[in-house]
Amino acid sequence: MTVEQRSSAVMDFDLGDAERDRQLMQRWATRPGILGAIAAVDHKVIARRYIVTAFVFLALGGILALAMRIQLAQPEARFLDADRYNQIFTMHGSNMMFLFAVPVMEAMAVYLVPLMVGTRNIAFPRLNAFSYWIFLAGGLLLWISFALDTAPDVGWFAYVPLSGPEYGAGKRADLWAQMITFTELSALAIAVEIVVTVLKQRAPGMSLDRIPLLVWSMLVMAFLVIMAMPAIMVASSTLIMDRLVGTHFYNPAEGGDALLWQHLFWFFGHPEVYIIFLPAAGMVSTILPTFVQRPVFGYLALVMALIATGILAFGLWVHHMFVVGLPRLGESFFTASSMAIAIPAGIQIFCWLATLWAGRPVFKTPLLFVIGFIVTFVIGGLTGVMVASVPFDTQVHDTYFVVAHFHYVLIGGAVFPLIAAIYYWFPKMTGRMMSEKLGRWAFWLIFVGFHLTFFPMHILGLQGMPRRIYTYQPELPWAGLNLFVSLSSIILAAGFLVFFIDVIRSWSSGKPAGENPWNASTLEWATSSPPPPYNFRSIPVVDGRDPLWSKTDELPVTSGLRTDRRELLITSVVEALPEARESSPQDSIWPFWAAIATSIMLIWSIFSPWAVVWGSIPMAVALIGWFWPKGEAEDES
Amino acid sequence: MKVVAVILSIILLLSGCSGVQSALDAQGHSAIVLRDLIILIIAACVAVWIAVMVVLAWSLLRRRDPEDGNVRRSERHMTIWVSGAVAATVLIISGLTIASFRTTHDLDGTGSPELTIRVRGQQWWWQFIYEDTDPARSFQTANELHIPVGKEIRVRLESVDVIHSFWVPSLAGKLDLIPGRENVLTFRAERPGVYRGQCAEFCGLQHSHMAFFVIAEDEDSYRQWAAAQQGNGLEPSEAEAGAGKAVFMAKQCAACHTIRGTAASGTTGPDLTHVGSRGTIAAGLLENTRGSIAAWIADPQTLKPGNNMPIVPLTADELRQLAAYMESLK
C-alpha cells in the first residue's frame, strides 16, 4: 500500500461515534427501491428473505399434509385420486426437505453466524444473494409444476426405475431432479460462505474453543453439505441423462443398476438428516444457557458430539436399504454404526439435562419449545435405535412406524428448536418481542397436537399399514386410528396458525426489544436490535466463551478499519489473531441476472440437451458482469 | 404418561390381536422371533425414555437454594453423572445390537426348504409360479399363495418392472423385489390361516392396491389344491359360461391372459386358468363374486385407475356370459 492511498483512506479511529455510524451507514446500507433490494448483499436482508420464503414453503407443505390427512381419515375416501395423492406426498416430502428444512437452517446460519462471530457481512456476499435467487427459482419451479398438475409423483427419494425413462412418464421426474439441482446449488453456496466466515472472519480473541455452539453446529453442517451434496448431484444428473439422452446408469437390462441410485441418494440422504438436525442442536445449546442463566455444561463434549455425529453420518446410509437384500456382513456393520449414533446424541441430551439441572430455568416460550424438543426428540432417537436393528426394520420399514419416527426426529428434533430460535432471535431480527401469551398457546397446541397426530402412527405401522398409500380398504383395522390422527392434525395445524399470527402481529406491533432482552451471552446481542447494516460500530474483542457475561463492564472493541469502503477484519483460523483488512463486495445486480440465466439453462435442459450449450452464453455474460475487476486492492494487511 | 399408556396398550393388544395384516399378530416362525425382538427393544426404549423424563422433570422442578452452592463441586458431580449416563447408553446400545444379531441368526431357516415358489411382482399384482422339474406339473396363480403349514417355504423374488416389496407381516419381515436381481426369503407358517400381504415399496399409481393373500393349510389340503391347479381350465358345463368362453376367445382378453387348455395364452395379465377358485380379484381389491367380476371387466379403470387392463366394449349379455365363465374356472 502506498503512502498516498493511506492518506486518502478514512480510518474509523479518526472519527467520533456519531460520524462513524453515519459513514458506516452510508457505506453498508442497502439502497432503497426495488433495484436496491434486488442488488442487496447484506447477509441480514438475504437471510430474512430466505427465512420468510422457507416458512411460506412450510405453510404450503403443511396444507398438503392436511389434504393427505383428509384423504386418509376414512377408508376408500375419494377426496383425492391416486395421481393427485402421489403428487401431494411427493411434493410434501420434497418441499419440506429441500425447500423448507435445509434452507431454513442455512438461512438462520446466514443471519446469525456473522453476528455471532462479530463480523460485518458474510464471506462471498454476492454468492449469498445468488444462492437466494436460485433457491427461490427452484421452489417456484416445483410449485408451479404442482399448480399445473404436472408435479413429480415418484416420492421424495424418486427410486428408479419408477422415476426412470420407462415408467416415469412426462417431465415430472425431470422437474423433481432439476429442483434438486437448484437447491443443492444454493445449499453448496451457503455452505462455502459459512465455512469461510467461521474460519476467517471471527472477532479477535474468538479462538476455536470460544466459538458459540450454534456456530460450531453450522460449521459442521456446512462441511456435511459440501461432502454430501455431490452424491445427490451425481444421482440427479445421471437420472436426467438416463431420461433425456438415453444413458443407462440405472437400467439393469443394459448393465445399469437400480440399487446404485439408492446408494447415491442415501449417501446424501442420511447426512441430510444431520444437516437439518445439527443446526437445531446448536440452537438448543445456545438458547438453553440463556434461560437458565449459566454457561452450557460440557462445551467440549458438545463440540465433539457435533463433529462425531457429522463423521458417523456418512457411515449410516445403508440403514435406509435394509430390505433390499444385503449380505449379512453389511447388515451387521450398518446396524452397529446406526446404533452408535445414539452415543453422541445421548451426550448432547445429558449435557443439556445437566445444564438445566444446574441452572435456574425461566419458563419463557423459547425454553418451553426446548423442553418440548427434549421430550419429543428422545422418542424419535429411541425409535431410531429400533429401526437401526435390521430384523426390527424388516417389519416396520416403509410403514407408518417410519413415518412416525422421522416426524419425531424432524419436527420434534428440528422444528421445535427452530420455533424456539424464532421466538429467541425475533427481537434481534426485528427489534420487537413476540407475544409470550400467544407463544404459550402455540407451544401447547403444537406439542399436544404433534403427539396426538404422530404417536398413533407407530401403532398403525406395527399393524401393517404401509407408507405412501392413497387409500386402504374398510376391512383393514386402520380406520379408527387414522380418523383419530386426522382429527389431531387439526390441533397441530391450529398451533402453527397461532405461531404465524404471532409472527405477523409482533413484526408490526410487538413490544420494542432493546439490545439484549434475554440477558444472553453471545455477540449478536452486543449490537442494536435490529442490527445496523454494518452489524457492529467497532469489531468486538472476545476474551471467553460467553463474552457478554464476562466480568468486565464494557465489551472491548478494536479499531482501525476504514469507513470509506466496506471493510472486514480477517483473523487466523485457530486463535483468531488479526491478519488483514479485507474489502467486502458492494451491492450488485449481477448475482440476480446470473441466477436468472442459470435458471433458464437448468429448466430448458429438462427439454433439450442443447440448452446446456446455448444457455451457457447468458450465464457467461452474467458472470463476466459479476466479476468485472473493481480496480481496487481487495485486502490490506 | 399418555405415551407410556399407549405403548402398554400395544403390548396388551398382542394377545388378542386379530388384525389381518399385523406384525404383532405373529403366526409364522420369523414373525414370532421378530415380534419378541420388537417387544424387547420397545420395552428397553420405554424404560430409557421414562428415566430421561424423570431426570428432566427433576432438573426443571427441583428446589433450588436461594444461594448457589459450591459451583465447583456441582460441576464435578455433573461430570460423573453425565459420564455414567453415556456409559449406560453404550451398554444399552451394545446389548440391543447383540440382541439384534442373535435374532438375525435365529431367523435362518432350519433345514432345507420343502417348496420353492417364484414370485414376480408387477404393477400392480403378484404372479406366483410353482415350478416343477416336470413342466406339465408347473402352474401359476395370481395374488394368492397357497402353502403347506409347518413347512419351510422359499420364495424367489423378482420384479418385472419397478421395485416392489414382499411383505406378509404375520409370517415374516419384508424383502424387496428389484429388477435385475433376485432376492430369496424363507418363512414358515406355524398355524393354518389366511394372511394378508401387501406391496411395501411405493411402485406407482396403484401401489395402494397391490395386496395378496397367503393361505396356509394342512399338507393334504395343500396337495389337493396343487393337484387341482395343475389341471387345465375347466370346460364350462352351463350354456351361459360356454358362451362366455367364446366371448373370451373372440375379444382381446386372450391376448393378455392365459387359460391353460384353451387358445388363450397371453402373458401380460394374470393367468386365469383357475381364477374362479381364488378368494379375491384385482390384487385383493374385490371379493371374488360373479358380480364383482362383471363390474371389473366392465370398468377396470374406475375401480383401479391406471391399471393395465383396458376397457373392452361388451354388450350386457356378453358381460354376463364372460363373468359366468370366469366364475366357472374353479
# chains A, B, ... in the order shown; residues from 1 in each chain; ligands from 1
$ residues_around --residues "Trp167 in chain B" --least-positions-apart "4" --cutoff "6 Å" --atoms "only C-alpha atoms" --output "list of chain:residue names"
B:Lys174, B:Gly197, B:Gln198
$ write_last_selection --atoms "N, CA and C atoms" --output "PDB file, in the first residue's frame"
ATOM      1  N   LYS B 174     -40.202 -57.999   5.607  1.00  0.00           N
ATOM      2  CA  LYS B 174     -40.313 -57.775   4.160  1.00  0.00           C
ATOM      3  C   LYS B 174     -38.964 -57.879   3.456  1.00  0.00           C
ATOM      4  N   GLY B 197     -51.015 -59.936   2.732  1.00  0.00           N
ATOM      5  CA  GLY B 197     -49.745 -59.264   2.481  1.00  0.00           C
ATOM      6  C   GLY B 197     -49.996 -58.110   1.540  1.00  0.00           C
ATOM      7  N   GLN B 198     -49.008 -57.223   1.437  1.00  0.00           N
ATOM      8  CA  GLN B 198     -49.211 -56.032   0.621  1.00  0.00           C
ATOM      9  C   GLN B 198     -47.853 -55.524   0.167  1.00  0.00           C
TER      10      GLN B 198
END
$ select_by_dssp --residues "range 188-316 of chain B" --states "strand (DSSP E)" --output "PyMOL selection string"
chain B and resi 193-198+211-217+280-281+286-287
$ select_by_dssp --residues "range 107-215 of chain A" --states "helix (DSSP H, G or I)" --output "VMD selection string"
chain A and resid 107 to 117 125 to 147 172 to 200 208 to 210 213 to 215
$ write_last_selection --atoms "C-alpha atoms" --output "mmCIF file, in the first residue's frame"
data_model
loop_
_atom_site.group_PDB
_atom_site.id
_atom_site.type_symbol
_atom_site.label_atom_id
_atom_site.label_comp_id
_atom_site.auth_asym_id
_atom_site.auth_seq_id
_atom_site.Cartn_x
_atom_site.Cartn_y
_atom_site.Cartn_z
ATOM 1 C CA ALA A 107 -30.794 -19.120 6.409
ATOM 2 C CA MET A 108 -30.576 -18.990 10.191
ATOM 3 C CA ALA A 109 -26.831 -19.516 9.764
ATOM 4 C CA VAL A 110 -26.639 -16.724 7.189
ATOM 5 C CA TYR A 111 -28.353 -14.371 9.623
ATOM 6 C CA LEU A 112 -26.697 -15.430 12.854
ATOM 7 C CA VAL A 113 -23.180 -16.619 12.068
ATOM 8 C CA PRO A 114 -21.716 -13.232 11.007
ATOM 9 C CA LEU A 115 -23.297 -11.571 14.047
ATOM 10 C CA MET A 116 -22.211 -14.291 16.450
ATOM 11 C CA VAL A 117 -18.613 -14.252 15.257
ATOM 12 C CA PRO A 125 -21.972 -11.854 -0.066
ATOM 13 C CA ARG A 126 -22.789 -11.794 -3.782
ATOM 14 C CA LEU A 127 -22.731 -15.572 -3.890
ATOM 15 C CA ASN A 128 -25.110 -15.391 -0.965
ATOM 16 C CA ALA A 129 -27.519 -13.222 -2.960
ATOM 17 C CA PHE A 130 -27.182 -15.592 -5.926
ATOM 18 C CA SER A 131 -27.960 -18.522 -3.635
ATOM 19 C CA TYR A 132 -31.260 -16.994 -2.561
ATOM 20 C CA TRP A 133 -32.445 -16.318 -6.118
ATOM 21 C CA ILE A 134 -31.543 -19.857 -7.163
ATOM 22 C CA PHE A 135 -33.399 -21.290 -4.162
ATOM 23 C CA LEU A 136 -36.447 -19.186 -4.997
ATOM 24 C CA ALA A 137 -36.356 -20.322 -8.631
ATOM 25 C CA GLY A 138 -36.160 -23.990 -7.579
ATOM 26 C CA GLY A 139 -39.109 -23.536 -5.232
ATOM 27 C CA LEU A 140 -41.184 -21.769 -7.854
ATOM 28 C CA LEU A 141 -40.348 -24.493 -10.379
ATOM 29 C CA LEU A 142 -41.687 -27.185 -8.078
ATOM 30 C CA TRP A 143 -44.801 -25.321 -7.010
ATOM 31 C CA ILE A 144 -45.714 -24.069 -10.483
ATOM 32 C CA SER A 145 -45.481 -27.633 -11.751
ATOM 33 C CA PHE A 146 -47.838 -28.632 -8.946
ATOM 34 C CA ALA A 147 -50.288 -25.876 -9.877
ATOM 35 C CA ARG A 172 -42.481 -34.976 -13.782
ATOM 36 C CA ALA A 173 -39.383 -36.799 -12.590
ATOM 37 C CA ASP A 174 -37.180 -34.360 -14.537
ATOM 38 C CA LEU A 175 -38.782 -31.473 -12.686
ATOM 39 C CA TRP A 176 -38.023 -33.214 -9.408
ATOM 40 C CA ALA A 177 -34.404 -33.899 -10.362
ATOM 41 C CA GLN A 178 -33.852 -30.345 -11.577
ATOM 42 C CA MET A 179 -35.429 -28.886 -8.440
ATOM 43 C CA ILE A 180 -32.746 -30.871 -6.595
ATOM 44 C CA THR A 181 -30.089 -29.187 -8.730
ATOM 45 C CA PHE A 182 -31.411 -25.751 -7.752
ATOM 46 C CA THR A 183 -31.480 -26.498 -4.043
ATOM 47 C CA GLU A 184 -28.103 -28.221 -3.975
ATOM 48 C CA LEU A 185 -26.550 -25.233 -5.766
ATOM 49 C CA SER A 186 -27.966 -22.794 -3.264
ATOM 50 C CA ALA A 187 -27.036 -25.049 -0.340
ATOM 51 C CA LEU A 188 -23.458 -25.510 -1.520
ATOM 52 C CA ALA A 189 -23.043 -21.762 -1.966
ATOM 53 C CA ILE A 190 -24.123 -21.071 1.594
ATOM 54 C CA ALA A 191 -22.003 -23.902 2.971
ATOM 55 C CA VAL A 192 -18.874 -22.399 1.449
ATOM 56 C CA GLU A 193 -19.755 -18.953 2.809
ATOM 57 C CA ILE A 194 -20.287 -20.324 6.306
ATOM 58 C CA VAL A 195 -17.023 -22.246 6.361
ATOM 59 C CA VAL A 196 -15.034 -19.185 5.303
ATOM 60 C CA THR A 197 -16.907 -16.805 7.580
ATOM 61 C CA VAL A 198 -16.388 -19.039 10.599
ATOM 62 C CA LEU A 199 -12.771 -19.851 9.908
ATOM 63 C CA LYS A 200 -11.515 -16.441 8.732
ATOM 64 C CA LEU A 208 -11.758 -22.220 18.177
ATOM 65 C CA ASP A 209 -12.580 -23.173 21.781
ATOM 66 C CA ARG A 210 -14.616 -19.995 22.268
ATOM 67 C CA LEU A 213 -22.061 -23.761 19.882
ATOM 68 C CA LEU A 214 -24.553 -22.593 17.276
ATOM 69 C CA VAL A 215 -21.637 -21.504 15.108
#
$ closest_residue --among "B:Ile153, B:Ile215, B:Leu40, B:Met78" --to "chain A" --atoms "only C-alpha atoms"
B:Met78
$ closest_atom_pairs --of "chain B" --to "chain A" --cutoff "6 Å" --atoms "only C-alpha atoms" --output "JSON lines"
{"residue": "B:Gln21", "atom": "CA", "partner": "A:Gly464", "partner_atom": "CA", "distance": 5.4}
{"residue": "B:Ser22", "atom": "CA", "partner": "A:Gln463", "partner_atom": "CA", "distance": 4.1}
{"residue": "B:Ala23", "atom": "CA", "partner": "A:Leu462", "partner_atom": "CA", "distance": 5.4}
{"residue": "B:Cys45", "atom": "CA", "partner": "A:Leu382", "partner_atom": "CA", "distance": 6.0}
{"residue": "B:Ser59", "atom": "CA", "partner": "A:Trp357", "partner_atom": "CA", "distance": 4.1}
{"residue": "B:Val82", "atom": "CA", "partner": "A:Phe350", "partner_atom": "CA", "distance": 5.8}
{"residue": "B:Ser100", "atom": "CA", "partner": "A:Ser389", "partner_atom": "CA", "distance": 5.8}
{"residue": "B:Val162", "atom": "CA", "partner": "A:Pro161", "partner_atom": "CA", "distance": 5.4}
{"residue": "B:Gly173", "atom": "CA", "partner": "A:Thr394", "partner_atom": "CA", "distance": 4.5}
{"residue": "B:Lys174", "atom": "CA", "partner": "A:Thr394", "partner_atom": "CA", "distance": 5.2}
{"residue": "B:Leu175", "atom": "CA", "partner": "A:Val323", "partner_atom": "CA", "distance": 4.9}
{"residue": "B:Asp176", "atom": "CA", "partner": "A:Val324", "partner_atom": "CA", "distance": 5.0}
{"residue": "B:Gly180", "atom": "CA", "partner": "A:Pro252", "partner_atom": "CA", "distance": 5.2}
{"residue": "B:Ala200", "atom": "CA", "partner": "A:Pro466", "partner_atom": "CA", "distance": 5.7}
{"residue": "B:Leu205", "atom": "CA", "partner": "A:Ala82", "partner_atom": "CA", "distance": 5.9}
{"residue": "B:Ser208", "atom": "CA", "partner": "A:Ile469", "partner_atom": "CA", "distance": 4.5}
$ residues_around --residues "range 613-626 of chain A" --least-positions-apart "2" --cutoff "12 Å" --atoms "only C-alpha atoms" --output "PyMOL selection string"
chain A and resi 39+124-127+129-130+585-605+608-611+628-630
$ write_last_selection --atoms "N, CA and C atoms" --output "short mmCIF file (atom, residue, chain, number, x, y, z; two decimals), in the first residue's frame"
data_model
loop_
_atom_site.label_atom_id
_atom_site.label_comp_id
_atom_site.auth_asym_id
_atom_site.auth_seq_id
_atom_site.Cartn_x
_atom_site.Cartn_y
_atom_site.Cartn_z
N ALA A 39 -30.38 -5.84 -5.65
CA ALA A 39 -28.92 -5.81 -5.63
C ALA A 39 -28.34 -6.05 -4.23
N PHE A 124 -18.23 -13.87 0.81
CA PHE A 124 -18.86 -14.00 -0.51
C PHE A 124 -20.32 -13.55 -0.53
N PRO A 125 -20.58 -12.30 -0.18
CA PRO A 125 -21.97 -11.85 -0.07
C PRO A 125 -22.75 -11.90 -1.38
N ARG A 126 -22.06 -11.73 -2.52
CA ARG A 126 -22.79 -11.79 -3.78
C ARG A 126 -23.22 -13.22 -4.09
N LEU A 127 -22.35 -14.17 -3.73
CA LEU A 127 -22.73 -15.57 -3.89
C LEU A 127 -23.95 -15.87 -3.03
N ALA A 129 -26.34 -13.74 -2.27
CA ALA A 129 -27.52 -13.22 -2.96
C ALA A 129 -27.92 -14.17 -4.08
N PHE A 130 -26.93 -14.64 -4.84
CA PHE A 130 -27.18 -15.59 -5.93
C PHE A 130 -27.89 -16.83 -5.39
N PRO A 585 -17.60 -6.97 -0.80
CA PRO A 585 -18.19 -6.50 -2.05
C PRO A 585 -19.36 -5.54 -1.87
N GLN A 586 -19.48 -4.66 -2.86
CA GLN A 586 -20.61 -3.73 -2.94
C GLN A 586 -21.85 -4.46 -3.41
N ASP A 587 -23.00 -3.78 -3.24
CA ASP A 587 -24.24 -4.32 -3.80
C ASP A 587 -24.06 -4.50 -5.31
N SER A 588 -24.75 -5.50 -5.84
CA SER A 588 -24.62 -5.76 -7.27
C SER A 588 -25.87 -6.45 -7.77
N ILE A 589 -26.26 -6.09 -8.98
CA ILE A 589 -27.44 -6.70 -9.56
C ILE A 589 -27.07 -7.95 -10.35
N TRP A 590 -25.73 -8.14 -10.55
CA TRP A 590 -25.30 -9.27 -11.38
C TRP A 590 -25.64 -10.64 -10.80
N PRO A 591 -25.56 -10.87 -9.50
CA PRO A 591 -25.98 -12.19 -8.99
C PRO A 591 -27.41 -12.53 -9.38
N PHE A 592 -28.26 -11.51 -9.41
CA PHE A 592 -29.65 -11.74 -9.81
C PHE A 592 -29.72 -12.19 -11.26
N TRP A 593 -29.00 -11.47 -12.15
CA TRP A 593 -29.01 -11.87 -13.56
C TRP A 593 -28.38 -13.24 -13.74
N ALA A 594 -27.32 -13.51 -12.99
CA ALA A 594 -26.67 -14.83 -13.09
C ALA A 594 -27.64 -15.93 -12.68
N ALA A 595 -28.45 -15.64 -11.65
CA ALA A 595 -29.42 -16.64 -11.19
C ALA A 595 -30.50 -16.86 -12.25
N ILE A 596 -30.93 -15.76 -12.88
CA ILE A 596 -31.95 -15.90 -13.94
C ILE A 596 -31.38 -16.73 -15.09
N ALA A 597 -30.15 -16.41 -15.48
CA ALA A 597 -29.54 -17.13 -16.60
C ALA A 597 -29.37 -18.61 -16.24
N THR A 598 -28.94 -18.88 -15.02
CA THR A 598 -28.76 -20.27 -14.59
C THR A 598 -30.10 -21.01 -14.59
N SER A 599 -31.14 -20.33 -14.09
CA SER A 599 -32.45 -20.97 -14.01
C SER A 599 -32.96 -21.31 -15.40
N ILE A 600 -32.79 -20.37 -16.34
CA ILE A 600 -33.26 -20.64 -17.71
C ILE A 600 -32.53 -21.85 -18.27
N MET A 601 -31.22 -21.88 -18.07
CA MET A 601 -30.46 -23.01 -18.60
C MET A 601 -30.92 -24.32 -17.97
N LEU A 602 -31.09 -24.33 -16.64
CA LEU A 602 -31.44 -25.59 -15.97
C LEU A 602 -32.84 -26.08 -16.37
N ILE A 603 -33.79 -25.15 -16.45
CA ILE A 603 -35.15 -25.57 -16.77
C ILE A 603 -35.24 -25.99 -18.24
N TRP A 604 -34.58 -25.23 -19.09
CA TRP A 604 -34.55 -25.56 -20.51
C TRP A 604 -33.93 -26.95 -20.73
N SER A 605 -32.91 -27.26 -19.91
CA SER A 605 -32.20 -28.52 -20.12
C SER A 605 -33.07 -29.75 -19.81
N SER A 608 -34.23 -30.10 -23.57
CA SER A 608 -33.29 -30.32 -24.65
C SER A 608 -31.87 -30.26 -24.13
N PRO A 609 -31.04 -31.23 -24.53
CA PRO A 609 -29.65 -31.18 -24.08
C PRO A 609 -28.90 -29.96 -24.63
N TRP A 610 -29.41 -29.38 -25.73
CA TRP A 610 -28.73 -28.21 -26.30
C TRP A 610 -28.81 -27.00 -25.39
N ALA A 611 -29.74 -27.03 -24.44
CA ALA A 611 -29.84 -25.92 -23.51
C ALA A 611 -28.52 -25.68 -22.78
N TRP A 628 -16.37 -8.41 -12.96
CA TRP A 628 -15.62 -7.35 -13.63
C TRP A 628 -14.68 -6.69 -12.63
N PRO A 629 -13.40 -6.53 -12.98
CA PRO A 629 -12.42 -6.03 -12.00
C PRO A 629 -12.82 -4.67 -11.43
N LYS A 630 -12.62 -4.50 -10.14
CA LYS A 630 -13.07 -3.27 -9.47
C LYS A 630 -11.99 -2.19 -9.49
#
$ closest_residue --among "A:Ile63, A:Trp156, A:Thr150, A:Leu306" --to "Met91 in chain A" --atoms "only C-alpha atoms"
A:Trp156
$ residues_around --residues "range 512-524 of chain A" --least-positions-apart "2" --cutoff "9 Å" --atoms "only C-alpha atoms" --output "ChimeraX atom specification"
/A:112-118,212,286-287,289-291,293,295,424,427-428,430-433,509-510,526-531,535,540,542,545-550
$ write_last_selection --atoms "C-alpha atoms" --output "PDB file, in the first residue's frame"
ATOM      1  CA  LEU A 112     -26.697 -15.430  12.854  1.00  0.00           C
ATOM      2  CA  VAL A 113     -23.180 -16.619  12.068  1.00  0.00           C
ATOM      3  CA  PRO A 114     -21.716 -13.232  11.007  1.00  0.00           C
ATOM      4  CA  LEU A 115     -23.297 -11.571  14.047  1.00  0.00           C
ATOM      5  CA  MET A 116     -22.211 -14.291  16.450  1.00  0.00           C
ATOM      6  CA  VAL A 117     -18.613 -14.252  15.257  1.00  0.00           C
ATOM      7  CA  GLY A 118     -18.590 -10.456  15.256  1.00  0.00           C
ATOM      8  CA  PRO A 212     -20.548 -20.276  20.221  1.00  0.00           C
ATOM      9  CA  THR A 286     -27.302 -21.643  22.604  1.00  0.00           C
ATOM     10  CA  ILE A 287     -30.836 -20.940  23.817  1.00  0.00           C
ATOM     11  CA  PRO A 289     -27.947 -21.382  28.770  1.00  0.00           C
ATOM     12  CA  THR A 290     -29.757 -18.065  28.366  1.00  0.00           C
ATOM     13  CA  PHE A 291     -32.900 -19.369  30.025  1.00  0.00           C
ATOM     14  CA  GLN A 293     -28.608 -18.080  33.161  1.00  0.00           C
ATOM     15  CA  PRO A 295     -22.964 -21.377  30.741  1.00  0.00           C
ATOM     16  CA  TYR A 424     -35.497 -16.208  20.755  1.00  0.00           C
ATOM     17  CA  PRO A 427     -36.332  -9.500  18.876  1.00  0.00           C
ATOM     18  CA  LYS A 428     -32.836  -9.291  17.361  1.00  0.00           C
ATOM     19  CA  THR A 430     -36.994  -7.166  14.042  1.00  0.00           C
ATOM     20  CA  GLY A 431     -36.354  -5.148  17.181  1.00  0.00           C
ATOM     21  CA  ARG A 432     -39.659  -6.333  18.609  1.00  0.00           C
ATOM     22  CA  MET A 433     -40.666  -9.042  21.078  1.00  0.00           C
ATOM     23  CA  SER A 509     -46.653  -4.060  16.743  1.00  0.00           C
ATOM     24  CA  GLY A 510     -44.574  -6.105  19.185  1.00  0.00           C
ATOM     25  CA  ALA A 526     -23.962  -6.655  21.678  1.00  0.00           C
ATOM     26  CA  THR A 527     -25.452  -4.512  18.940  1.00  0.00           C
ATOM     27  CA  SER A 528     -28.784  -2.784  18.424  1.00  0.00           C
ATOM     28  CA  SER A 529     -31.963  -4.696  17.541  1.00  0.00           C
ATOM     29  CA  PRO A 530     -32.305  -4.949  14.610  1.00  0.00           C
ATOM     30  CA  PRO A 531     -28.582  -4.608  13.935  1.00  0.00           C
ATOM     31  CA  ASN A 535     -23.602  -5.040  12.353  1.00  0.00           C
ATOM     32  CA  PRO A 540     -15.613  -6.599  19.391  1.00  0.00           C
ATOM     33  CA  VAL A 542     -13.581 -11.691  22.794  1.00  0.00           C
ATOM     34  CA  ARG A 545     -16.946 -18.290  25.641  1.00  0.00           C
ATOM     35  CA  ASP A 546     -19.673 -16.031  26.966  1.00  0.00           C
ATOM     36  CA  PRO A 547     -18.373 -12.548  26.112  1.00  0.00           C
ATOM     37  CA  LEU A 548     -21.432 -10.636  27.354  1.00  0.00           C
ATOM     38  CA  TRP A 549     -21.370 -12.440  30.699  1.00  0.00           C
ATOM     39  CA  SER A 550     -17.726 -11.701  31.426  1.00  0.00           C
TER      40      SER A 550
END
$ closest_residue --among "A:Ala203, A:Glu19, A:Glu76, A:His270" --to "Ser572 in chain A" --atoms "only C-alpha atoms"
A:Ala203
$ residues_around --residues "Arg137 in chain B" --least-positions-apart "2" --cutoff "12 Å" --atoms "only C-alpha atoms" --output "PyMOL selection string"
chain B and resi 129-135+139-140+226-232
$ write_last_selection --atoms "N, CA and C atoms" --output "compact mmCIF listing (two decimals), in the first residue's frame"
# COMPACT_ATOMS: atom_id res chain seq x y z
N ILE B 129 -45.39 -68.41 -9.24
CA ILE B 129 -45.13 -69.52 -10.15
C ILE B 129 -44.61 -70.71 -9.35
N TYR B 130 -45.37 -71.82 -9.40
CA TYR B 130 -44.96 -73.05 -8.72
C TYR B 130 -44.25 -73.90 -9.76
N GLU B 131 -42.92 -73.93 -9.67
CA GLU B 131 -42.17 -74.63 -10.70
C GLU B 131 -41.96 -76.08 -10.31
N ASP B 132 -41.94 -76.91 -11.30
CA ASP B 132 -41.69 -78.33 -11.07
C ASP B 132 -40.73 -78.79 -12.15
N THR B 133 -39.90 -79.80 -11.81
CA THR B 133 -38.96 -80.30 -12.81
C THR B 133 -39.73 -80.80 -14.03
N ASP B 134 -40.92 -81.31 -13.78
CA ASP B 134 -41.78 -81.73 -14.88
C ASP B 134 -42.65 -80.52 -15.29
N PRO B 135 -42.41 -79.97 -16.48
CA PRO B 135 -43.12 -78.75 -16.85
C PRO B 135 -44.64 -78.92 -16.81
N PHE B 139 -47.33 -74.76 -12.51
CA PHE B 139 -48.52 -73.94 -12.72
C PHE B 139 -48.29 -72.58 -12.10
N GLN B 140 -49.16 -71.66 -12.39
CA GLN B 140 -49.03 -70.35 -11.75
C GLN B 140 -50.38 -69.80 -11.34
N ALA B 226 -52.96 -78.08 -5.03
CA ALA B 226 -51.92 -78.04 -6.05
C ALA B 226 -52.29 -78.94 -7.21
N ALA B 227 -52.85 -80.10 -6.90
CA ALA B 227 -53.24 -81.02 -7.97
C ALA B 227 -54.30 -80.37 -8.85
N ALA B 228 -55.24 -79.71 -8.22
CA ALA B 228 -56.30 -79.06 -9.00
C ALA B 228 -55.72 -77.95 -9.87
N GLN B 229 -54.76 -77.22 -9.31
CA GLN B 229 -54.18 -76.11 -10.06
C GLN B 229 -53.37 -76.60 -11.27
N GLN B 230 -52.84 -77.83 -11.15
CA GLN B 230 -52.03 -78.34 -12.25
C GLN B 230 -52.88 -78.65 -13.48
N GLY B 231 -54.18 -78.88 -13.26
CA GLY B 231 -55.06 -79.23 -14.36
C GLY B 231 -55.34 -78.04 -15.26
N ASN B 232 -55.88 -78.34 -16.45
CA ASN B 232 -56.27 -77.29 -17.37
C ASN B 232 -57.54 -76.60 -16.88
$ residues_around --residues "Gln206 in chain B" --least-positions-apart "2" --cutoff "8 Å" --atoms "only C-alpha atoms" --output "ChimeraX atom specification"
/A:82 /B:123-124,203-204,208-210,304-307
$ residues_around --residues "Ala101 in chain A" --least-positions-apart "6" --cutoff "9 Å" --atoms "only C-alpha atoms" --output "list of chain:residue names"
A:Ala54, A:Leu58, A:Asn95, A:Ile275, A:Ile276, A:Leu410, A:Ala414, A:Val415
$ write_last_selection --atoms "N, CA and C atoms" --output "short mmCIF file (atom, residue, chain, number, x, y, z; two decimals), in the first residue's frame"
data_model
loop_
_atom_site.label_atom_id
_atom_site.label_comp_id
_atom_site.auth_asym_id
_atom_site.auth_seq_id
_atom_site.Cartn_x
_atom_site.Cartn_y
_atom_site.Cartn_z
N ALA A 54 -38.80 -19.71 3.26
CA ALA A 54 -38.83 -21.09 3.75
C ALA A 54 -40.07 -21.33 4.60
N LEU A 58 -43.08 -23.95 4.31
CA LEU A 58 -43.55 -24.79 5.43
C LEU A 58 -45.07 -24.77 5.48
N ASN A 95 -40.73 -30.76 -0.73
CA ASN A 95 -40.87 -29.39 -0.27
C ASN A 95 -40.30 -29.22 1.14
N ILE A 275 -27.81 -32.59 8.52
CA ILE A 275 -27.72 -31.21 8.03
C ILE A 275 -28.87 -30.41 8.64
N ILE A 276 -29.99 -31.07 8.85
CA ILE A 276 -31.14 -30.41 9.46
C ILE A 276 -31.04 -30.42 10.98
N LEU A 410 -37.68 -35.05 12.85
CA LEU A 410 -37.60 -33.79 12.10
C LEU A 410 -38.43 -32.68 12.72
N ALA A 414 -36.04 -30.91 15.06
CA ALA A 414 -35.56 -29.73 14.34
C ALA A 414 -36.55 -28.57 14.33
N VAL A 415 -37.84 -28.85 14.12
CA VAL A 415 -38.78 -27.74 14.02
C VAL A 415 -39.05 -27.13 15.41
#
